[in-house]
Every structure is written in structure tokens, then in C-alpha cells.
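Engineer: Just input-v3.cif, nothing more (mmCIF, C-alpha atoms, pLDDT in the B column; chains and numbers go by the auth columns):
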data_entry
#
loop_
_atom_site.group_PDB
_atom_site.id
_atom_site.type_symbol
_atom_site.label_atom_id
_atom_site.label_comp_id
_atom_site.label_asym_id
_atom_site.label_seq_id
_atom_site.Cartn_x
_atom_site.Cartn_y
_atom_site.Cartn_z
_atom_site.B_iso_or_equiv
_atom_site.auth_seq_id
_atom_site.auth_asym_id
ATOM 1 C CA MET A 1 133.381 112.383 102.291 86.00 1 A
ATOM 2 C CA PRO A 2 131.065 114.666 104.261 94.00 2 A
ATOM 3 C CA THR A 3 127.522 114.953 102.980 97.00 3 A
ATOM 4 C CA ILE A 4 124.932 117.669 103.411 98.00 4 A
ATOM 5 C CA VAL A 5 121.444 116.164 103.554 98.00 5 A
ATOM 6 C CA VAL A 6 118.470 118.317 102.553 98.00 6 A
ATOM 7 C CA HIS A 7 114.961 117.193 103.525 98.00 7 A
ATOM 8 C CA VAL A 8 112.031 118.579 101.544 98.00 8 A
ATOM 9 C CA MET A 9 108.345 117.870 102.272 98.00 9 A
ATOM 10 C CA PRO A 10 105.107 119.064 100.674 98.00 10 A
ATOM 11 C CA LYS A 11 103.549 121.876 102.718 98.00 11 A
ATOM 12 C CA PRO A 12 100.875 120.597 105.138 96.00 12 A
ATOM 13 C CA GLU A 13 98.065 122.424 103.299 96.00 13 A
ATOM 14 C CA ILE A 14 99.090 120.956 99.922 97.00 14 A
ATOM 15 C CA LEU A 15 97.460 117.738 98.694 96.00 15 A
ATOM 16 C CA ASP A 16 100.044 114.964 98.347 97.00 16 A
ATOM 17 C CA PRO A 17 98.617 112.320 95.988 97.00 17 A
ATOM 18 C CA GLN A 18 101.711 110.069 96.193 96.00 18 A
ATOM 19 C CA GLY A 19 101.536 110.023 99.968 97.00 19 A
ATOM 20 C CA LYS A 20 97.773 109.435 99.865 97.00 20 A
ATOM 21 C CA ALA A 21 98.257 106.471 97.494 97.00 21 A
ATOM 22 C CA VAL A 22 100.885 104.947 99.785 97.00 22 A
ATOM 23 C CA GLY A 23 98.701 105.577 102.832 96.00 23 A
ATOM 24 C CA ALA A 24 95.751 103.825 101.174 96.00 24 A
ATOM 25 C CA ALA A 25 97.896 100.867 100.082 96.00 25 A
ATOM 26 C CA LEU A 26 99.436 100.176 103.513 96.00 26 A
ATOM 27 C CA PRO A 27 96.355 98.561 105.155 95.00 27 A
ATOM 28 C CA ARG A 28 95.625 96.600 101.973 96.00 28 A
ATOM 29 C CA LEU A 29 99.049 95.009 102.378 94.00 29 A
ATOM 30 C CA GLY A 30 98.504 94.295 106.055 94.00 30 A
ATOM 31 C CA PHE A 31 100.286 97.291 107.564 95.00 31 A
ATOM 32 C CA GLU A 32 97.867 98.738 110.120 92.00 32 A
ATOM 33 C CA GLY A 33 98.195 101.586 112.596 92.00 33 A
ATOM 34 C CA PHE A 34 99.369 104.426 110.365 96.00 34 A
ATOM 35 C CA ALA A 35 97.041 107.433 110.212 96.00 35 A
ATOM 36 C CA SER A 36 98.480 109.130 107.150 96.00 36 A
ATOM 37 C CA VAL A 37 101.510 109.225 104.873 98.00 37 A
ATOM 38 C CA ARG A 38 103.261 112.183 103.237 98.00 38 A
ATOM 39 C CA GLN A 39 106.000 111.719 100.658 98.00 39 A
ATOM 40 C CA GLY A 40 108.839 114.180 100.220 98.00 40 A
ATOM 41 C CA LYS A 41 112.394 114.263 98.944 98.00 41 A
ATOM 42 C CA ARG A 42 115.811 113.694 100.418 98.00 42 A
ATOM 43 C CA PHE A 43 118.892 115.117 98.685 98.00 43 A
ATOM 44 C CA GLU A 44 122.442 114.097 99.526 98.00 44 A
ATOM 45 C CA LEU A 45 124.990 116.725 98.458 98.00 45 A
ATOM 46 C CA THR A 46 128.491 115.259 98.641 97.00 46 A
ATOM 47 C CA VAL A 47 131.190 117.762 99.534 95.00 47 A
ATOM 48 C CA ASP A 48 134.839 117.716 98.466 88.00 48 A
ATOM 49 C CA GLY A 49 136.796 118.666 101.580 88.00 49 A
ATOM 50 C CA ASP A 50 135.373 120.295 104.686 92.00 50 A
ATOM 51 C CA VAL A 51 131.878 121.628 105.222 94.00 51 A
ATOM 52 C CA THR A 52 132.501 125.306 105.971 94.00 52 A
ATOM 53 C CA GLN A 53 129.849 127.657 107.312 95.00 53 A
ATOM 54 C CA GLU A 54 129.905 129.353 103.902 95.00 54 A
ATOM 55 C CA LEU A 55 129.238 126.082 102.088 95.00 55 A
ATOM 56 C CA LEU A 56 126.445 125.221 104.490 96.00 56 A
ATOM 57 C CA ALA A 57 124.888 128.629 103.838 96.00 57 A
ATOM 58 C CA GLN A 58 125.126 127.915 100.098 96.00 58 A
ATOM 59 C CA ALA A 59 123.443 124.547 100.624 97.00 59 A
ATOM 60 C CA ARG A 60 120.615 126.212 102.576 97.00 60 A
ATOM 61 C CA ASP A 61 120.232 128.772 99.795 97.00 61 A
ATOM 62 C CA ALA A 62 120.194 126.034 97.112 97.00 62 A
ATOM 63 C CA ALA A 63 117.674 124.064 99.188 97.00 63 A
ATOM 64 C CA GLU A 64 115.286 127.025 99.327 97.00 64 A
ATOM 65 C CA THR A 65 115.669 128.139 95.717 95.00 65 A
ATOM 66 C CA MET A 66 116.448 125.032 93.676 95.00 66 A
ATOM 67 C CA LEU A 67 115.886 121.789 95.574 97.00 67 A
ATOM 68 C CA SER A 68 112.411 122.791 96.696 97.00 68 A
ATOM 69 C CA ASN A 69 109.500 124.669 95.186 97.00 69 A
ATOM 70 C CA PRO A 70 108.695 127.240 97.901 96.00 70 A
ATOM 71 C CA VAL A 71 105.091 127.547 96.694 97.00 71 A
ATOM 72 C CA ILE A 72 104.246 123.943 97.567 97.00 72 A
ATOM 73 C CA GLU A 73 107.202 122.568 99.569 98.00 73 A
ATOM 74 C CA ASP A 74 109.058 123.239 102.803 98.00 74 A
ATOM 75 C CA VAL A 75 112.731 122.575 103.488 98.00 75 A
ATOM 76 C CA VAL A 76 112.304 120.763 106.793 97.00 76 A
ATOM 77 C CA ALA A 77 116.007 120.220 107.555 97.00 77 A
ATOM 78 C CA VAL A 78 119.524 120.776 106.239 98.00 78 A
ATOM 79 C CA GLU A 79 122.054 118.672 108.144 97.00 79 A
ATOM 80 C CA VAL A 80 125.643 117.505 107.840 97.00 80 A
ATOM 81 C CA VAL A 81 126.411 113.779 108.127 94.00 81 A
ATOM 82 C CA ASP A 82 129.789 111.902 108.221 80.00 82 A
ATOM 83 C CA MET B 1 101.232 113.077 116.795 85.00 1 B
ATOM 84 C CA PRO B 2 104.348 110.909 116.598 95.00 2 B
ATOM 85 C CA THR B 3 105.739 110.339 113.141 97.00 3 B
ATOM 86 C CA ILE B 4 107.911 107.567 111.756 98.00 4 B
ATOM 87 C CA VAL B 5 110.247 108.914 109.085 98.00 5 B
ATOM 88 C CA VAL B 6 111.560 106.524 106.440 98.00 6 B
ATOM 89 C CA HIS B 7 114.562 107.588 104.340 98.00 7 B
ATOM 90 C CA VAL B 8 115.085 105.865 100.979 98.00 8 B
ATOM 91 C CA MET B 9 118.023 106.464 98.613 98.00 9 B
ATOM 92 C CA PRO B 10 119.019 104.952 95.262 98.00 10 B
ATOM 93 C CA LYS B 11 121.710 102.298 95.725 98.00 11 B
ATOM 94 C CA PRO B 12 125.231 103.699 95.167 96.00 12 B
ATOM 95 C CA GLU B 13 125.785 101.554 92.064 96.00 13 B
ATOM 96 C CA ILE B 14 122.521 102.706 90.452 97.00 14 B
ATOM 97 C CA LEU B 15 122.529 105.701 88.099 96.00 15 B
ATOM 98 C CA ASP B 16 120.435 108.543 89.522 97.00 16 B
ATOM 99 C CA PRO B 17 119.465 110.853 86.618 97.00 17 B
ATOM 100 C CA GLN B 18 117.475 113.253 88.839 96.00 18 B
ATOM 101 C CA GLY B 19 120.415 113.693 91.180 97.00 19 B
ATOM 102 C CA LYS B 20 122.794 114.096 88.237 97.00 20 B
ATOM 103 C CA ALA B 21 120.557 116.804 86.749 97.00 21 B
ATOM 104 C CA VAL B 22 120.468 118.687 90.046 97.00 22 B
ATOM 105 C CA GLY B 23 124.237 118.282 90.475 96.00 23 B
ATOM 106 C CA ALA B 24 124.847 119.700 86.993 96.00 24 B
ATOM 107 C CA ALA B 25 122.480 122.616 87.568 96.00 25 B
ATOM 108 C CA LEU B 26 123.986 123.742 90.900 96.00 26 B
ATOM 109 C CA PRO B 27 127.180 125.359 89.492 95.00 27 B
ATOM 110 C CA ARG B 28 125.203 126.956 86.657 96.00 28 B
ATOM 111 C CA LEU B 29 123.164 128.749 89.315 94.00 29 B
ATOM 112 C CA GLY B 30 126.256 129.814 91.253 94.00 30 B
ATOM 113 C CA PHE B 31 126.333 127.053 93.884 95.00 31 B
ATOM 114 C CA GLU B 32 129.934 125.778 93.887 92.00 32 B
ATOM 115 C CA GLY B 33 131.702 123.212 96.053 92.00 33 B
ATOM 116 C CA PHE B 34 129.376 120.226 95.775 96.00 34 B
ATOM 117 C CA ALA B 35 130.941 117.111 94.251 96.00 35 B
ATOM 118 C CA SER B 36 127.763 115.186 93.490 96.00 36 B
ATOM 119 C CA VAL B 37 124.067 114.988 94.301 98.00 37 B
ATOM 120 C CA ARG B 38 121.825 111.968 94.843 98.00 38 B
ATOM 121 C CA GLN B 39 118.067 112.286 95.163 98.00 39 B
ATOM 122 C CA GLY B 40 115.983 109.934 97.248 98.00 40 B
ATOM 123 C CA LYS B 41 112.683 109.897 99.093 98.00 41 B
ATOM 124 C CA ARG B 42 111.490 110.770 102.553 98.00 42 B
ATOM 125 C CA PHE B 43 108.233 109.318 103.879 98.00 43 B
ATOM 126 C CA GLU B 44 106.464 110.586 106.980 98.00 44 B
ATOM 127 C CA LEU B 45 104.109 107.982 108.476 98.00 45 B
ATOM 128 C CA THR B 46 101.868 109.615 111.059 97.00 46 B
ATOM 129 C CA VAL B 47 100.869 107.351 113.932 95.00 47 B
ATOM 130 C CA ASP B 48 97.659 107.461 115.968 88.00 48 B
ATOM 131 C CA GLY B 49 98.724 106.914 119.556 88.00 49 B
ATOM 132 C CA ASP B 50 102.088 105.583 120.695 92.00 50 B
ATOM 133 C CA VAL B 51 104.862 104.146 118.578 94.00 51 B
ATOM 134 C CA THR B 52 105.192 100.606 119.911 94.00 52 B
ATOM 135 C CA GLN B 53 108.058 98.271 119.039 95.00 53 B
ATOM 136 C CA GLU B 54 105.550 96.235 117.025 95.00 54 B
ATOM 137 C CA LEU B 55 104.466 99.268 114.992 95.00 55 B
ATOM 138 C CA LEU B 56 108.085 100.250 114.392 96.00 56 B
ATOM 139 C CA ALA B 57 108.784 96.711 113.149 96.00 57 B
ATOM 140 C CA GLN B 58 105.777 97.037 110.802 96.00 58 B
ATOM 141 C CA ALA B 59 107.130 100.363 109.542 97.00 59 B
ATOM 142 C CA ARG B 60 110.542 98.788 108.866 97.00 60 B
ATOM 143 C CA ASP B 61 108.838 95.938 107.039 97.00 61 B
ATOM 144 C CA ALA B 62 106.713 98.363 104.966 97.00 62 B
ATOM 145 C CA ALA B 63 109.841 100.424 104.231 97.00 63 B
ATOM 146 C CA GLU B 64 111.661 97.393 102.834 97.00 64 B
ATOM 147 C CA THR B 65 108.759 95.920 100.881 95.00 65 B
ATOM 148 C CA MET B 66 106.565 98.837 99.811 95.00 66 B
ATOM 149 C CA LEU B 67 108.194 102.227 100.283 97.00 67 B
ATOM 150 C CA SER B 68 111.385 101.181 98.528 97.00 68 B
ATOM 151 C CA ASN B 69 112.259 99.025 95.552 97.00 69 B
ATOM 152 C CA PRO B 70 114.946 96.709 96.990 96.00 70 B
ATOM 153 C CA VAL B 71 116.445 96.127 93.534 97.00 71 B
ATOM 154 C CA ILE B 72 117.486 99.758 93.094 97.00 72 B
ATOM 155 C CA GLU B 73 116.972 101.459 96.478 98.00 73 B
ATOM 156 C CA ASP B 74 118.209 101.218 100.059 98.00 74 B
ATOM 157 C CA VAL B 75 116.263 102.123 103.180 98.00 75 B
ATOM 158 C CA VAL B 76 118.929 104.255 104.839 97.00 76 B
ATOM 159 C CA ALA B 77 117.027 105.032 108.043 97.00 77 B
ATOM 160 C CA VAL B 78 113.747 104.516 109.890 98.00 78 B
ATOM 161 C CA GLU B 79 113.399 106.921 112.804 97.00 79 B
ATOM 162 C CA VAL B 80 110.750 108.227 115.175 97.00 80 B
ATOM 163 C CA VAL B 81 110.282 111.985 115.566 94.00 81 B
ATOM 164 C CA ASP B 82 108.041 113.997 117.957 80.00 82 B
#
Here is a file; write its structure as C-alpha cells.
Structural biologist:
Amino acid sequence: MPTIVVHVMPKPEILDPQGKAVGAALPRLGFEGFASVRQGKRFELTVDGDVTQELLAQARDAAETMLSNPVIEDVVAVEVVD
Amino acid sequence: MPTIVVHVMPKPEILDPQGKAVGAALPRLGFEGFASVRQGKRFELTVDGDVTQELLAQARDAAETMLSNPVIEDVVAVEVVD
């Protein structure tokens, strides 16, 4: 079944405590060489049938209004896989 | 700066209450045509300098051992952007 994947990340100017915690833990566990970490969300919307342009527009709309909080998050990509 | 993006999703056999909640809310808000929703995580690891094969291997290792819980989650992709 085709899937629409929506990628949501905290806006660059917004503090991301989860990402900061992960970023601080990496070197403690021996993973060196990463400057910073940001944590966001990935949604997989499974589609019955074909992904029409209309459905993709709906997914983009849902991504902006429901899957992300536009005050603190950006929808960085909406893509079709499969 | 180059970024390594790690995509983590709940395993297919694991219940995903967040995704279920989003999936149930979509039609109530007028978004029709989506069969189901799963919610996972997206990590952006910023790298100082070049992404070497060694660093990418470290990122894969961190993805499997720290960024995901292998009991309930799958690392679906580790990719370099920028």
C-alpha cells in the first residue's frame, strides 16, 4: 500500500530538550563527532488505493494543521513512498 | 553543515496509540482517504566536517542502540543530507 510520509522538526530557534539530552548522551556512550542533535517526528499515513494529487494536498494540509504545531514546528517534507 | 538523519518507527506488530489517535482524528477534521497512521521519530545529527564512512557507521550503531528501542522500534533509514 502506498504511504505518505510527513517529516516534522522543531523550528531552529526553538529549544529542543529531547534532542539536547540525546546530543549530550552520545559522547558519554562513546559516539563522538556529532555537533548537535534535534529530535522531530515522522508520520506514516497509509493510503487505500492510489495517491492522487488531491489526497497529497490533503496530506500537506493535515501536516500543517494537525500533525505539526506551526508555532514551534516545521513540516520539513511530505513525500510518497512505495 | 552535513546532517545524518535517522528515521525510527514502531515495529509493525507493536500497538502505536499516538498514531491511532492521529488516525482517528483525521476524518473528524475532514481529512478522508487515509487508512492508518503510525508515528515515529526523526533525528537530525549535525556533523562538524565531513561525513566519513566511520562516522556513518557510528551513527548507524547509535541509531540501533540509543536512538531506538530495538524491542519495540525499527531503524527504517539512516541517510546523509546536505
Engineer: What's around Ala35 of chain B at 7 Å? Count all atoms listed in the file, leave out sequence neighbours fewer than 5 positions away in its own chain, and write the answer as a list in words.
Structural biologist: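 Returned residues: Thr46, Val47 and Asp48 of chain A.
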Engineer: Please produce a file of the residues just selected, as a compact mmCIF listing (two decimals), in the frame of the given file, where the atoms kept are C-alpha atoms.
Structural biologist:
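Below is the file that was written, selection.txt:
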# COMPACT_ATOMS: atom_id res chain seq x y z
CA THR A 46 128.49 115.26 98.64
CA VAL A 47 131.19 117.76 99.53
CA ASP A 48 134.84 117.72 98.47
Engineer: All Cα atoms, paired in order, least squares: that's the fit I need for chain A onto chain B, output as a compact mmCIF listing (two decimals) with C-alpha atoms, keeping the file's coordinate frame.
Structural biologist:
# COMPACT_ATOMS: atom_id res chain seq x y z
CA MET A 1 101.24 113.09 116.81
CA PRO A 2 104.35 110.92 116.60
CA THR A 3 105.75 110.34 113.14
CA ILE A 4 107.91 107.56 111.76
CA VAL A 5 110.25 108.91 109.09
CA VAL A 6 111.56 106.52 106.43
CA HIS A 7 114.56 107.57 104.32
CA VAL A 8 115.07 105.85 100.97
CA MET A 9 118.02 106.46 98.61
CA PRO A 10 119.02 104.95 95.26
CA LYS A 11 121.71 102.30 95.73
CA PRO A 12 125.23 103.69 95.17
CA GLU A 13 125.79 101.56 92.05
CA ILE A 14 122.52 102.71 90.46
CA LEU A 15 122.52 105.70 88.10
CA ASP A 16 120.42 108.54 89.52
CA PRO A 17 119.47 110.86 86.63
CA GLN A 18 117.48 113.26 88.85
CA GLY A 19 120.42 113.69 91.18
CA LYS A 20 122.80 114.09 88.23
CA ALA A 21 120.56 116.81 86.74
CA VAL A 22 120.47 118.68 90.05
CA GLY A 23 124.23 118.27 90.47
CA ALA A 24 124.85 119.70 86.99
CA ALA A 25 122.48 122.63 87.58
CA LEU A 26 124.00 123.74 90.90
CA PRO A 27 127.19 125.37 89.50
CA ARG A 28 125.19 126.96 86.67
CA LEU A 29 123.16 128.74 89.33
CA GLY A 30 126.24 129.81 91.25
CA PHE A 31 126.34 127.07 93.89
CA GLU A 32 129.92 125.79 93.90
CA GLY A 33 131.69 123.23 96.06
CA PHE A 34 129.38 120.23 95.77
CA ALA A 35 130.94 117.12 94.24
CA SER A 36 127.78 115.18 93.50
CA VAL A 37 124.07 114.99 94.29
CA ARG A 38 121.83 111.97 94.84
CA GLN A 39 118.07 112.29 95.16
CA GLY A 40 115.98 109.93 97.25
CA LYS A 41 112.68 109.89 99.09
CA ARG A 42 111.50 110.77 102.56
CA PHE A 43 108.24 109.32 103.88
CA GLU A 44 106.47 110.59 106.98
CA LEU A 45 104.11 107.98 108.47
CA THR A 46 101.87 109.62 111.06
CA VAL A 47 100.87 107.36 113.93
CA ASP A 48 97.66 107.47 115.96
CA GLY A 49 98.75 106.94 119.56
CA ASP A 50 102.09 105.58 120.70
CA VAL A 51 104.86 104.14 118.57
CA THR A 52 105.19 100.60 119.91
CA GLN A 53 108.06 98.28 119.04
CA GLU A 54 105.54 96.24 117.03
CA LEU A 55 104.47 99.27 115.00
CA LEU A 56 108.07 100.24 114.39
CA ALA A 57 108.77 96.71 113.15
CA GLN A 58 105.78 97.04 110.81
CA ALA A 59 107.13 100.37 109.54
CA ARG A 60 110.54 98.78 108.87
CA ASP A 61 108.83 95.93 107.03
CA ALA A 62 106.71 98.37 104.97
CA ALA A 63 109.84 100.42 104.23
CA GLU A 64 111.66 97.38 102.84
CA THR A 65 108.75 95.92 100.88
CA MET A 66 106.56 98.83 99.81
CA LEU A 67 108.20 102.22 100.29
CA SER A 68 111.39 101.18 98.52
CA ASN A 69 112.27 99.02 95.55
CA PRO A 70 114.95 96.71 96.99
CA VAL A 71 116.45 96.11 93.53
CA ILE A 72 117.49 99.74 93.09
CA GLU A 73 116.97 101.45 96.48
CA ASP A 74 118.20 101.21 100.05
CA VAL A 75 116.26 102.12 103.18
CA VAL A 76 118.93 104.24 104.83
CA ALA A 77 117.03 105.04 108.05
CA VAL A 78 113.75 104.51 109.88
CA GLU A 79 113.40 106.92 112.81
CA VAL A 80 110.75 108.22 115.18
CA VAL A 81 110.28 111.99 115.55
CA ASP A 82 108.03 114.02 117.95
Engineer: Counting all atoms listed in the file, what is within 6 Å of segment 76-78 of chain B, bar same-chain residues fewer than 2 positions away, as a VMD selection string?
Structural biologist: chain B and resid 5 to 8 74
Engineer: Residues of chain B that approach chain A to 6 Å or less, counting all atoms listed in the file: could you list each one with the shortest pair of atoms and its distance in Å to one decimal, rows by chain and increasing residue number, as JSON lines?
Structural biologist:
{"residue": "B:Phe34", "atom": "CA", "partner": "A:Val47", "partner_atom": "CA", "distance": 4.8}
{"residue": "B:Ala35", "atom": "CA", "partner": "A:Val47", "partner_atom": "CA", "distance": 5.3}
{"residue": "B:Ser36", "atom": "CA", "partner": "A:Thr46", "partner_atom": "CA", "distance": 5.2}
{"residue": "B:Val37", "atom": "CA", "partner": "A:Leu45", "partner_atom": "CA", "distance": 4.6}
{"residue": "B:Arg38", "atom": "CA", "partner": "A:Glu44", "partner_atom": "CA", "distance": 5.2}
{"residue": "B:Gln39", "atom": "CA", "partner": "A:Phe43", "partner_atom": "CA", "distance": 4.6}
{"residue": "B:Gly40", "atom": "CA", "partner": "A:Arg42", "partner_atom": "CA", "distance": 4.9}
{"residue": "B:Lys41", "atom": "CA", "partner": "A:Lys41", "partner_atom": "CA", "distance": 4.4}
{"residue": "B:Arg42", "atom": "CA", "partner": "A:Gly40", "partner_atom": "CA", "distance": 4.9}
{"residue": "B:Phe43", "atom": "CA", "partner": "A:Gln39", "partner_atom": "CA", "distance": 4.6}
{"residue": "B:Glu44", "atom": "CA", "partner": "A:Arg38", "partner_atom": "CA", "distance": 5.2}
{"residue": "B:Leu45", "atom": "CA", "partner": "A:Val37", "partner_atom": "CA", "distance": 4.6}
{"residue": "B:Thr46", "atom": "CA", "partner": "A:Ser36", "partner_atom": "CA", "distance": 5.2}
{"residue": "B:Val47", "atom": "CA", "partner": "A:Phe34", "partner_atom": "CA", "distance": 4.9}
{"residue": "B:Asp48", "atom": "CA", "partner": "A:Ala35", "partner_atom": "CA", "distance": 5.8}
Engineer: Show me, as AutoDock Vina command-line options, the centre and edge lengths in Å to one decimal of the axis-aligned box that covers every listed atom of segment 15-33 of chain A with 6 Å on each side.
Structural biologist:
--center_x 98.7 --center_y 106.0 --center_z 104.3 --size_x 18.1 --size_y 35.4 --size_z 28.6
Engineer: Using Å and a single decimal, report how far atom CA of Pro27 of chain B sits from atom CA of Lys11 of chain B.
Structural biologist: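 Distance reported for this atom pair: 24.5 Å.
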Engineer: Quick one: distance from atom CA of Pro12 of chain B to atom CA of Val80 of chain A in Å, one decimal?
Structural biologist: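 Between atom CA of Pro12 of chain B and atom CA of Val80 of chain A the gap works out to 18.7 Å.
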Engineer: Could you jot down the atom CA of Lys20 of chain A to atom CA of Ala63 of chain B separation for me, Å, one decimal place?
Structural biologist: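 That distance, rounded to one decimal, is 15.7 Å.
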Engineer: Run the PyMOL selection byres ((chain B and resi 72) around 8) against the file shown and list the residues it catches, as a PDB file with C-alpha atoms, in the frame of the given file.
Structural biologist:
ATOM      1  CA  PRO B  10     119.019 104.952  95.262  1.00 98.00           C
ATOM      2  CA  LYS B  11     121.710 102.298  95.725  1.00 98.00           C
ATOM      3  CA  ILE B  14     122.521 102.706  90.452  1.00 97.00           C
ATOM      4  CA  ASN B  69     112.259  99.025  95.552  1.00 97.00           C
ATOM      5  CA  PRO B  70     114.946  96.709  96.990  1.00 96.00           C
ATOM      6  CA  VAL B  71     116.445  96.127  93.534  1.00 97.00           C
ATOM      7  CA  GLU B  73     116.972 101.459  96.478  1.00 98.00           C
ATOM      8  CA  ASP B  74     118.209 101.218 100.059  1.00 98.00           C
TER       9      ASP B  74
END
Engineer: Smallest atom-to-atom distance to Leu56 of chain B: which of B:Gln18, B:Arg28, B:Ser68, B:Glu79, using only C-alpha atoms?
Structural biologist: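 When distances to Leu56 of chain B are compared using only C-alpha atoms, the smallest one comes from B:Glu79.
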